[in-house]
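Listing of coords13.cif; format and content: mmCIF, C-alpha atoms and all ligand atoms.
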data_start
loop_
_atom_site.label_atom_id
_atom_site.label_comp_id
_atom_site.auth_asym_id
_atom_site.auth_seq_id
_atom_site.Cartn_x
_atom_site.Cartn_y
_atom_site.Cartn_z
CA MET N 432 -9.83 23.79 -14.77
CA SER N 433 -12.73 26.11 -15.32
CA ASN N 434 -15.20 26.30 -12.50
CA GLY N 435 -17.93 25.14 -14.88
CA LEU N 436 -16.08 21.92 -15.64
CA LYS N 437 -15.25 21.37 -12.01
CA ASP N 438 -18.91 21.80 -11.08
CA ALA N 439 -19.93 19.49 -13.91
CA ALA N 440 -17.49 16.87 -12.60
CA LEU N 441 -18.84 17.10 -9.07
CA ILE N 442 -22.44 16.96 -10.23
CA ALA N 443 -21.71 13.93 -12.42
CA PHE N 444 -20.03 12.30 -9.45
CA ALA N 445 -22.89 13.00 -7.06
CA ALA N 446 -25.39 11.72 -9.62
CA ALA N 447 -23.39 8.53 -10.12
CA LEU N 448 -23.29 7.92 -6.37
CA LEU N 449 -27.05 8.30 -6.21
CA VAL N 450 -27.64 5.92 -9.08
CA VAL N 451 -25.57 3.00 -7.86
CA GLY N 452 -25.43 3.63 -4.15
CA VAL N 453 -22.19 2.69 -2.52
CA VAL N 454 -21.69 -1.01 -2.18
CA THR N 455 -18.62 -2.24 -0.40
CA ALA N 456 -19.58 -5.88 0.13
CA PRO N 457 -17.37 -8.17 -1.97
CA ASP N 458 -20.31 -10.19 -3.26
CA ALA N 459 -19.04 -10.67 -6.80
CA PRO N 460 -17.38 -13.98 -7.66
CA ALA N 461 -13.63 -13.94 -7.04
CA ALA N 462 -12.38 -14.52 -10.57
CA ALA N 463 -15.16 -12.95 -12.64
CA PRO N 464 -13.99 -11.01 -15.68
CA PRO N 465 -13.26 -7.47 -14.55
CA GLN N 466 -15.78 -4.79 -15.32
CA ILE N 467 -15.63 -1.05 -15.20
CA ASP N 468 -17.94 -0.06 -12.37
CA PRO N 469 -20.45 2.73 -13.04
CA LEU N 470 -18.61 5.29 -10.89
CA SER N 471 -15.33 4.73 -12.67
CA LYS N 472 -17.22 5.00 -15.97
CA GLU N 473 -18.20 8.53 -15.01
CA CYS N 474 -14.57 9.46 -14.42
CA ILE N 475 -13.31 7.78 -17.58
CA GLY N 476 -16.04 9.45 -19.62
CA CYS N 477 -14.40 12.79 -18.94
CA HIS N 478 -10.81 11.64 -18.62
CA ASP N 479 -10.64 10.78 -22.28
CA GLY N 480 -8.10 13.39 -23.28
CA ALA N 481 -10.81 15.62 -24.74
CA SER N 482 -12.65 16.99 -21.71
CA GLY N 483 -10.12 16.01 -19.02
CA PRO N 484 -6.58 14.60 -18.73
CA ASP N 485 -6.41 11.21 -20.49
CA ILE N 486 -6.36 8.07 -18.36
CA LYS N 487 -5.62 4.63 -19.78
CA VAL N 488 -7.79 1.95 -18.27
CA ASN N 489 -5.99 -1.15 -17.10
CA LEU N 490 -8.70 -3.68 -16.20
CA ARG N 491 -7.78 -6.78 -14.22
CA ASN N 492 -9.13 -9.41 -11.93
CA ASN N 493 -6.90 -12.40 -11.51
CA PRO N 494 -6.25 -13.01 -7.83
CA SER N 495 -4.83 -16.47 -8.51
CA GLY N 496 -2.31 -15.17 -11.05
CA HIS N 497 1.41 -15.13 -10.35
CA GLY N 498 3.51 -12.29 -9.10
CA SER N 499 2.59 -9.30 -7.02
CA HIS N 500 5.63 -7.16 -7.63
CA VAL N 501 5.15 -3.49 -7.17
CA HIS N 502 7.79 -2.08 -9.48
CA SER N 503 6.64 1.36 -10.32
CA PHE N 504 3.58 3.49 -10.58
CA ASP N 505 2.95 5.94 -13.38
CA GLY N 506 -0.51 7.07 -12.35
CA GLU N 507 -2.26 4.24 -14.15
CA HIS N 508 -3.16 1.80 -11.48
CA PRO N 509 -5.19 -1.25 -12.55
CA ILE N 510 -8.88 -1.31 -11.58
CA GLY N 511 -11.61 -3.97 -11.56
CA MET N 512 -9.96 -6.29 -9.04
CA ILE N 513 -12.28 -7.84 -6.47
CA TYR N 514 -10.06 -6.77 -3.63
CA GLN N 515 -11.06 -9.25 -0.94
CA SER N 516 -10.23 -12.16 -3.24
CA TYR N 517 -6.67 -10.83 -3.54
CA VAL N 518 -6.43 -10.66 0.23
CA ASP N 519 -7.71 -14.23 0.44
CA MET N 520 -5.69 -15.76 -2.38
CA LYS N 521 -2.49 -13.83 -2.88
CA PRO N 522 0.36 -12.81 -0.60
CA GLY N 523 1.13 -9.11 -0.44
CA TYR N 524 -2.38 -7.72 0.06
CA LYS N 525 -3.68 -6.58 3.41
CA PRO N 526 -7.28 -6.63 4.60
CA ILE N 527 -8.71 -3.12 4.58
CA SER N 528 -9.50 -1.90 8.05
CA ALA N 529 -12.94 -0.65 8.94
CA GLN N 530 -11.40 2.79 9.46
CA GLU N 531 -10.96 3.28 5.71
CA ARG N 532 -14.53 4.37 5.36
CA ASN N 533 -14.00 6.61 2.36
CA MET N 534 -12.28 3.90 0.32
CA ILE N 535 -15.15 3.12 -2.01
CA MET N 536 -15.37 -0.18 -3.85
CA VAL N 537 -18.39 -0.96 -5.97
CA ASN N 538 -19.37 -4.60 -5.43
CA GLY N 539 -15.94 -5.13 -3.95
CA ALA N 540 -14.05 -3.95 -7.02
CA VAL N 541 -11.20 -1.45 -6.98
CA GLY N 542 -12.12 1.59 -9.06
CA CYS N 543 -11.21 5.24 -9.36
CA LEU N 544 -13.16 6.08 -6.20
CA THR N 545 -11.12 3.59 -4.18
CA CYS N 546 -8.22 6.04 -4.27
CA HIS N 547 -9.74 9.32 -5.39
CA ASP N 548 -12.20 11.52 -3.58
CA PRO N 549 -13.24 14.23 -6.03
CA LEU N 550 -14.59 16.24 -3.12
CA ASN N 551 -11.15 16.48 -1.53
CA PRO N 552 -9.70 19.71 -2.95
CA ALA N 553 -6.08 18.70 -2.22
CA LYS N 554 -3.75 17.89 -5.13
CA GLY N 555 -4.61 14.59 -6.78
CA HIS N 556 -7.99 14.46 -5.01
CA LEU N 557 -6.88 11.39 -3.07
CA ILE N 558 -8.97 9.75 -0.34
CA LYS N 559 -6.00 10.21 1.95
CA SER N 560 -2.47 11.52 1.70
CA ASP N 561 0.01 9.28 -0.08
CA LYS N 562 2.89 10.65 2.00
CA ASN N 563 5.39 7.81 2.54
CA SER N 564 3.13 5.68 0.29
CA ALA N 565 0.44 5.66 2.99
CA LEU N 566 -2.32 5.18 0.43
CA CYS N 567 -0.55 2.27 -1.28
CA LEU N 568 0.31 0.60 2.00
CA THR N 569 -3.37 0.46 2.89
CA CYS N 570 -3.48 -2.51 0.51
CA HIS N 571 0.06 -3.50 -0.49
CA ASP N 572 2.31 -4.77 2.28
CA LYS N 573 5.39 -3.25 0.65
C1 LIG N 601 -17.00 16.66 -16.22
C2 LIG N 601 -15.71 16.08 -16.54
C3 LIG N 601 -14.95 15.32 -15.44
C4 LIG N 601 -15.41 14.25 -14.69
C5 LIG N 601 -16.78 13.57 -14.72
C6 LIG N 601 -14.29 13.88 -13.85
N1 LIG N 601 -13.21 14.69 -14.08
FE1 LIG N 601 -11.39 14.62 -13.12
N2 LIG N 601 -10.77 16.29 -14.11
C7 LIG N 601 -11.47 16.91 -15.13
C8 LIG N 601 -10.64 17.99 -15.68
C9 LIG N 601 -11.04 18.92 -16.81
C10 LIG N 601 -9.42 17.96 -14.95
C11 LIG N 601 -8.22 18.90 -15.13
C12 LIG N 601 -8.29 19.86 -14.00
C13 LIG N 601 -7.14 20.76 -13.87
O1 LIG N 601 -6.13 20.57 -14.57
O2 LIG N 601 -7.26 21.67 -13.02
C14 LIG N 601 -9.54 16.88 -13.98
C15 LIG N 601 -8.55 16.55 -13.06
C16 LIG N 601 -8.57 15.40 -12.28
C17 LIG N 601 -7.49 14.97 -11.44
C18 LIG N 601 -6.13 15.63 -11.30
C19 LIG N 601 -6.21 16.71 -10.27
C20 LIG N 601 -4.85 17.23 -9.86
O3 LIG N 601 -4.78 17.78 -8.76
O4 LIG N 601 -3.88 17.10 -10.62
C21 LIG N 601 -7.88 13.81 -10.83
C22 LIG N 601 -7.11 12.96 -9.87
C23 LIG N 601 -9.22 13.54 -11.30
N3 LIG N 601 -9.61 14.53 -12.16
C24 LIG N 601 -9.93 12.43 -10.93
C25 LIG N 601 -11.26 12.19 -11.29
C26 LIG N 601 -12.04 11.08 -10.81
C27 LIG N 601 -11.55 10.01 -9.86
C28 LIG N 601 -13.29 11.20 -11.36
C29 LIG N 601 -14.51 10.31 -11.14
C30 LIG N 601 -15.04 10.36 -9.78
C31 LIG N 601 -13.27 12.37 -12.21
N4 LIG N 601 -12.02 12.94 -12.14
C32 LIG N 601 -14.34 12.81 -12.96
C33 LIG N 601 -12.73 16.59 -15.58
C34 LIG N 601 -13.57 15.60 -15.04
C1 LIG N 602 -4.70 2.55 -6.38
C2 LIG N 602 -5.04 3.95 -6.32
C3 LIG N 602 -5.53 4.62 -7.58
C4 LIG N 602 -6.53 4.20 -8.43
C5 LIG N 602 -7.33 2.91 -8.40
C6 LIG N 602 -6.68 5.26 -9.42
N1 LIG N 602 -5.80 6.28 -9.16
FE1 LIG N 602 -5.62 8.03 -10.18
N2 LIG N 602 -3.97 8.50 -9.08
C7 LIG N 602 -3.55 7.83 -7.95
C8 LIG N 602 -2.40 8.53 -7.39
C9 LIG N 602 -1.65 8.14 -6.13
C10 LIG N 602 -2.16 9.65 -8.22
C11 LIG N 602 -1.09 10.74 -8.06
C12 LIG N 602 -1.73 11.83 -7.26
C13 LIG N 602 -0.82 13.02 -6.98
O1 LIG N 602 -0.07 12.96 -6.03
O2 LIG N 602 -0.91 13.98 -7.73
C14 LIG N 602 -3.18 9.60 -9.28
C15 LIG N 602 -3.30 10.53 -10.30
C16 LIG N 602 -4.41 10.63 -11.14
C17 LIG N 602 -4.64 11.73 -12.06
C18 LIG N 602 -3.75 12.95 -12.26
C19 LIG N 602 -2.48 12.58 -12.94
C20 LIG N 602 -2.65 12.18 -14.36
O3 LIG N 602 -2.13 11.09 -14.75
O4 LIG N 602 -3.27 12.93 -15.15
C21 LIG N 602 -5.83 11.48 -12.68
C22 LIG N 602 -6.51 12.35 -13.72
C23 LIG N 602 -6.32 10.22 -12.15
N3 LIG N 602 -5.44 9.73 -11.22
C24 LIG N 602 -7.52 9.65 -12.51
C25 LIG N 602 -7.89 8.35 -12.18
C26 LIG N 602 -9.02 7.65 -12.76
C27 LIG N 602 -9.97 8.24 -13.79
C28 LIG N 602 -9.05 6.41 -12.19
C29 LIG N 602 -9.97 5.25 -12.52
C30 LIG N 602 -9.86 4.75 -13.90
C31 LIG N 602 -7.92 6.33 -11.24
N4 LIG N 602 -7.26 7.53 -11.28
C32 LIG N 602 -7.61 5.23 -10.44
C33 LIG N 602 -4.09 6.67 -7.44
C34 LIG N 602 -5.08 5.93 -8.04
C1 LIG N 603 -7.49 -0.78 -2.73
C2 LIG N 603 -6.23 -1.52 -2.62
C3 LIG N 603 -5.04 -0.96 -3.37
C4 LIG N 603 -4.44 0.28 -3.19
C5 LIG N 603 -4.87 1.40 -2.27
C6 LIG N 603 -3.28 0.28 -4.05
N1 LIG N 603 -3.21 -0.91 -4.75
FE1 LIG N 603 -1.81 -1.37 -6.13
N2 LIG N 603 -2.80 -3.10 -6.58
C7 LIG N 603 -3.91 -3.57 -5.90
C8 LIG N 603 -4.27 -4.86 -6.45
C9 LIG N 603 -5.42 -5.76 -5.97
C10 LIG N 603 -3.36 -5.13 -7.50
C11 LIG N 603 -3.27 -6.39 -8.38
C12 LIG N 603 -3.71 -6.19 -9.80
C13 LIG N 603 -3.37 -7.40 -10.66
O1 LIG N 603 -4.11 -8.39 -10.65
O2 LIG N 603 -2.37 -7.35 -11.34
C14 LIG N 603 -2.44 -4.00 -7.53
C15 LIG N 603 -1.38 -3.88 -8.42
C16 LIG N 603 -0.42 -2.89 -8.35
C17 LIG N 603 0.76 -2.84 -9.21
C18 LIG N 603 1.11 -3.84 -10.26
C19 LIG N 603 0.61 -3.28 -11.56
C20 LIG N 603 1.09 -4.07 -12.74
O3 LIG N 603 1.18 -3.45 -13.80
O4 LIG N 603 1.32 -5.27 -12.61
C21 LIG N 603 1.47 -1.74 -8.85
C22 LIG N 603 2.77 -1.24 -9.45
C23 LIG N 603 0.74 -1.10 -7.78
N3 LIG N 603 -0.40 -1.83 -7.50
C24 LIG N 603 1.15 0.04 -7.14
C25 LIG N 603 0.39 0.74 -6.23
C26 LIG N 603 0.76 2.04 -5.70
C27 LIG N 603 2.04 2.77 -6.03
C28 LIG N 603 -0.25 2.40 -4.86
C29 LIG N 603 -0.39 3.72 -4.10
C30 LIG N 603 -0.46 4.90 -4.95
C31 LIG N 603 -1.25 1.35 -4.86
N4 LIG N 603 -0.81 0.34 -5.70
C32 LIG N 603 -2.40 1.34 -4.13
C33 LIG N 603 -4.56 -2.94 -4.86
C34 LIG N 603 -4.27 -1.68 -4.37
#
Starting from the coordinates I provided, produce the structure as structure tokens.
Ligand code: HEC
Ligand code: HEC
Ligand code: HEC
Amino acid sequence: MSNGLKDAALIAFAAALLVVGVVTAPDAPAAAPPQIDPLSKECIGCHDGASGPDIKVNLRNNPSGHGSHVHSFDGEHPIGMIYQSYVDMKPGYKPISAQERNMIMVNGAVGCLTCHDPLNPAKGHLIKSDKNSALCLTCHDK
């Protein structure tokens, strides 16, 4: 992308971090309707197909729902889940270790920043390499 856009993206990101602060405590109710957190909103605002590659938003939060099959991944992972409630209520989800310090969740909810670190220049701007599904296996047990 152009350097201007890249800078704009980083500035928007930094501004968003300042506005909401980074809250990792899962203090939202377990089965509240999912919401798009303010940081993810920043990303989606640009990733609308006009200013950045389009991303479809798949909002969920239903830790007591059935099934946790991980069939495939096409780059559109659901967001909005209060992660700790999945760990508590559903098989297949691992507690996140304290070492995953750059895995950001706003009020406990999975969002774009849970997997992406825009400041990491590597391909995909992931918070860590997904070699051998390492990123996925931070949460999913298979
Ligand atoms: C100011 C607009 C803007 C904002 C805000 C923005 N992006 Fe982007 N992003 C872009 C554009 C444009 C591209 C295409 C870059 C390219 O093809 O080199 C891109 C590319 C990406 C890519 C693909 C990079 C690759 O290596 O293929 C990822 C992942 C990404 N953005 C994630 C995010 C996330 C997560 C956020 C929120 C923290 C975000 N973006 C916020 C404009 C933006
Ligand atoms: C559970 C982890 C996860 C979450 C949550 C997530 N992504 Fe991604 N995303 C990935 C992975 C993994 C890739 C593939 C990266 C690669 O290797 O290039 C990817 C790829 C992308 C790409 C580049 C490919 C494409 O489809 O254009 C963009 C842009 C992107 N993500 C934006 C977002 C945005 C915006 C959000 C929030 C709405 C988001 N992602 C949420 C893991 C995630
Ligand atoms: C932060 C923890 C976390 C990470 C990291 C993560 N996931 Fe997930 N994933 C979840 C949760 C929670 C759900 C359950 C969403 C729901 O209620 O359906 C889920 C659901 C899914 C689903 C089911 C989607 C559907 O349409 O039903 C797939 C497939 C998936 N993840 C694949 C992946 C892959 C591949 C990766 C690595 C790139 C990954 N996940 C990384 C937490 C995570």
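Closest approach to Cys567 of chain N from the set N:Asn493, N:Asn551, N:Ser516, N:Thr545 is made by N:Thr545, with distances taken over all atoms listed in the file.
Across the structure, atom CA of Leu557 of chain N and atom CA of Ser495 of chain N are spaced 28.5 Å apart.
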query = Neighbours of Pro464 of chain N within 10 Å (all atoms listed in the file; same-chain residues fewer than 4 positions away dropped), as a count of residues only?
reply = 8
query = N:Glu531, N:Ile486, N:Gly539, N:Ala553: which is nearest Ala463 of chain N, counting all atoms listed in the file?
reply = N:Gly539
query = Can you tell me, as a PyMOL selection string, what residues are no more than 9 Å from Ala540 of chain N when counting all atoms listed in the file, ignoring any on the same chain fewer than 4 positions away?
reply = chain N and resi 455+457+459+465-468+492+510-515+535-536+545
ask   = Counting all atoms listed in the file, what residues are within 8 Å of ligand LIG 602 (chain N), given as a PyMOL selection string?
value = chain N and resi 471-472+474-475+478+483-489+505-510+541-547+554-557+561+566-567
request  = To one decimal in Å, tell me the separation between atom CA of Pro552 of chain N and atom C18 of ligand LIG 603 (chain N).
outcome  = 26.9 Å
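Straight-line separation from atom C32 of ligand LIG 603 (chain N) to atom CA of Leu550 of chain N: 19.3 Å.
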ask   = Using only C-alpha atoms, which of the listed residues (N:Asn533, N:Gly523, N:Pro494, N:Asn538) sits closest to Lys573 of chain N?
value =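 Ranking N:Asn533, N:Gly523, N:Pro494, N:Asn538 by distance to Lys573 of chain N, first place goes to N:Gly523.
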Given all atoms listed in the file as the counted atoms, nearest of N:Ala565, N:Ala529, N:Cys570, N:Met534 to ligand LIG 601 (chain N) =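 Looking only at the distances to ligand LIG 601 (chain N), the closest residue turns out to be N:Met534.
Proximity to ligand LIG 603 (chain N) was assessed for N:Ile527, N:Asp548, N:Asp519, N:Gly476 counting all atoms listed in the file; the smallest distance is recorded for N:Ile527.
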Hey, can I get the axis-aligned box for ligand LIG 603 (chain N)? All listed atoms, 6 Å padding on each side, centre and edge lengths in Å to one decimal, as lines of an AutoDock Vina configuration file.
center_x = -2.4
center_y = -1.7
center_z = -8.0
size_x = 22.3
size_y = 25.3
size_z = 23.5
Find the residues near Gly496 of chain N: any atom within 10 Å, counting only C-alpha atoms, skip ones fewer than 4 places away on the same chain, and give them as a CSV table (one decimal) with C-alpha atoms, in the coordinates of the input.
chain,number,residue,atom,x,y,z
N,492,ASN,CA,-9.1,-9.4,-11.9
N,517,TYR,CA,-6.7,-10.8,-3.5
N,520,MET,CA,-5.7,-15.8,-2.4
N,521,LYS,CA,-2.5,-13.8,-2.9
note = One residue among N:Pro549, N:Gly480, N:Thr569, N:Lys562 is nearest to ligand LIG 601 (chain N) when using all atoms listed in the file, and that residue is N:Pro549
Please, could N, CA and C atoms be added to segment 539-565 of chain N and the result written as a PDB file, in the frame of the given file?
ATOM      1  N   GLY N 539     -17.230  -4.570  -4.340  1.00  0.00           N
ATOM      2  CA  GLY N 539     -15.940  -5.130  -3.950  1.00  0.00           C
ATOM      3  C   GLY N 539     -14.797  -4.848  -4.911  1.00  0.00           C
ATOM      4  N   ALA N 540     -15.085  -4.164  -6.011  1.00  0.00           N
ATOM      5  CA  ALA N 540     -14.050  -3.950  -7.020  1.00  0.00           C
ATOM      6  C   ALA N 540     -13.316  -2.624  -6.835  1.00  0.00           C
ATOM      7  N   VAL N 541     -12.006  -2.668  -7.010  1.00  0.00           N
ATOM      8  CA  VAL N 541     -11.200  -1.450  -6.980  1.00  0.00           C
ATOM      9  C   VAL N 541     -11.550  -0.607  -8.210  1.00  0.00           C
ATOM     10  N   GLY N 542     -11.806   0.665  -7.958  1.00  0.00           N
ATOM     11  CA  GLY N 542     -12.120   1.590  -9.060  1.00  0.00           C
ATOM     12  C   GLY N 542     -11.497   2.936  -8.760  1.00  0.00           C
ATOM     13  N   CYS N 543     -11.805   3.916  -9.561  1.00  0.00           N
ATOM     14  CA  CYS N 543     -11.210   5.240  -9.360  1.00  0.00           C
ATOM     15  C   CYS N 543     -11.508   5.776  -7.960  1.00  0.00           C
ATOM     16  N   LEU N 544     -12.727   5.524  -7.479  1.00  0.00           N
ATOM     17  CA  LEU N 544     -13.160   6.080  -6.200  1.00  0.00           C
ATOM     18  C   LEU N 544     -12.522   5.368  -5.002  1.00  0.00           C
ATOM     19  N   THR N 545     -11.818   4.266  -5.267  1.00  0.00           N
ATOM     20  CA  THR N 545     -11.120   3.590  -4.180  1.00  0.00           C
ATOM     21  C   THR N 545      -9.963   4.467  -3.702  1.00  0.00           C
ATOM     22  N   CYS N 546      -9.375   5.211  -4.610  1.00  0.00           N
ATOM     23  CA  CYS N 546      -8.220   6.040  -4.270  1.00  0.00           C
ATOM     24  C   CYS N 546      -8.499   7.538  -4.356  1.00  0.00           C
ATOM     25  N   HIS N 547      -9.475   7.896  -5.184  1.00  0.00           N
ATOM     26  CA  HIS N 547      -9.740   9.320  -5.390  1.00  0.00           C
ATOM     27  C   HIS N 547     -11.053   9.743  -4.740  1.00  0.00           C
ATOM     28  N   ASP N 548     -11.008  10.889  -4.107  1.00  0.00           N
ATOM     29  CA  ASP N 548     -12.200  11.520  -3.580  1.00  0.00           C
ATOM     30  C   ASP N 548     -12.314  12.884  -4.244  1.00  0.00           C
ATOM     31  N   PRO N 549     -13.171  12.983  -5.267  1.00  0.00           N
ATOM     32  CA  PRO N 549     -13.240  14.230  -6.030  1.00  0.00           C
ATOM     33  C   PRO N 549     -13.618  15.416  -5.150  1.00  0.00           C
ATOM     34  N   LEU N 550     -14.190  15.147  -3.995  1.00  0.00           N
ATOM     35  CA  LEU N 550     -14.590  16.240  -3.120  1.00  0.00           C
ATOM     36  C   LEU N 550     -13.436  16.739  -2.257  1.00  0.00           C
ATOM     37  N   ASN N 551     -12.320  16.013  -2.256  1.00  0.00           N
ATOM     38  CA  ASN N 551     -11.150  16.480  -1.530  1.00  0.00           C
ATOM     39  C   ASN N 551     -10.377  17.438  -2.441  1.00  0.00           C
ATOM     40  N   PRO N 552     -10.319  18.714  -2.073  1.00  0.00           N
ATOM     41  CA  PRO N 552      -9.700  19.710  -2.950  1.00  0.00           C
ATOM     42  C   PRO N 552      -8.177  19.582  -3.041  1.00  0.00           C
ATOM     43  N   ALA N 553      -7.545  18.794  -2.190  1.00  0.00           N
ATOM     44  CA  ALA N 553      -6.080  18.700  -2.220  1.00  0.00           C
ATOM     45  C   ALA N 553      -5.603  18.119  -3.540  1.00  0.00           C
ATOM     46  N   LYS N 554      -4.329  18.359  -3.867  1.00  0.00           N
ATOM     47  CA  LYS N 554      -3.750  17.890  -5.130  1.00  0.00           C
ATOM     48  C   LYS N 554      -3.965  16.387  -5.307  1.00  0.00           C
ATOM     49  N   GLY N 555      -4.398  15.993  -6.495  1.00  0.00           N
ATOM     50  CA  GLY N 555      -4.610  14.590  -6.780  1.00  0.00           C
ATOM     51  C   GLY N 555      -5.954  14.066  -6.313  1.00  0.00           C
ATOM     52  N   HIS N 556      -6.673  14.870  -5.535  1.00  0.00           N
ATOM     53  CA  HIS N 556      -7.990  14.460  -5.010  1.00  0.00           C
ATOM     54  C   HIS N 556      -7.950  13.041  -4.462  1.00  0.00           C
ATOM     55  N   LEU N 557      -6.990  12.741  -3.617  1.00  0.00           N
ATOM     56  CA  LEU N 557      -6.880  11.390  -3.070  1.00  0.00           C
ATOM     57  C   LEU N 557      -7.780  11.231  -1.847  1.00  0.00           C
ATOM     58  N   ILE N 558      -8.130   9.990  -1.522  1.00  0.00           N
ATOM     59  CA  ILE N 558      -8.970   9.750  -0.340  1.00  0.00           C
ATOM     60  C   ILE N 558      -8.183   9.996   0.936  1.00  0.00           C
ATOM     61  N   LYS N 559      -6.862   9.855   0.837  1.00  0.00           N
ATOM     62  CA  LYS N 559      -6.000  10.210   1.950  1.00  0.00           C
ATOM     63  C   LYS N 559      -4.621  10.499   1.398  1.00  0.00           C
ATOM     64  N   SER N 560      -3.786  11.152   2.187  1.00  0.00           N
ATOM     65  CA  SER N 560      -2.470  11.520   1.700  1.00  0.00           C
ATOM     66  C   SER N 560      -1.660  10.274   1.338  1.00  0.00           C
ATOM     67  N   ASP N 561      -0.854  10.391   0.280  1.00  0.00           N
ATOM     68  CA  ASP N 561       0.010   9.280  -0.080  1.00  0.00           C
ATOM     69  C   ASP N 561       1.442   9.521   0.406  1.00  0.00           C
ATOM     70  N   LYS N 562       1.571  10.388   1.414  1.00  0.00           N
ATOM     71  CA  LYS N 562       2.890  10.650   2.000  1.00  0.00           C
ATOM     72  C   LYS N 562       3.468   9.329   2.507  1.00  0.00           C
ATOM     73  N   ASN N 563       4.733   9.073   2.187  1.00  0.00           N
ATOM     74  CA  ASN N 563       5.390   7.810   2.540  1.00  0.00           C
ATOM     75  C   ASN N 563       4.576   6.601   2.045  1.00  0.00           C
ATOM     76  N   SER N 564       3.923   6.756   0.892  1.00  0.00           N
ATOM     77  CA  SER N 564       3.130   5.680   0.290  1.00  0.00           C
ATOM     78  C   SER N 564       1.989   5.207   1.188  1.00  0.00           C
ATOM     79  N   ALA N 565       1.494   6.068   2.052  1.00  0.00           N
ATOM     80  CA  ALA N 565       0.440   5.660   2.990  1.00  0.00           C
ATOM     81  C   ALA N 565      -0.772   5.076   2.274  1.00  0.00           C
TER      82      ALA N 565
END
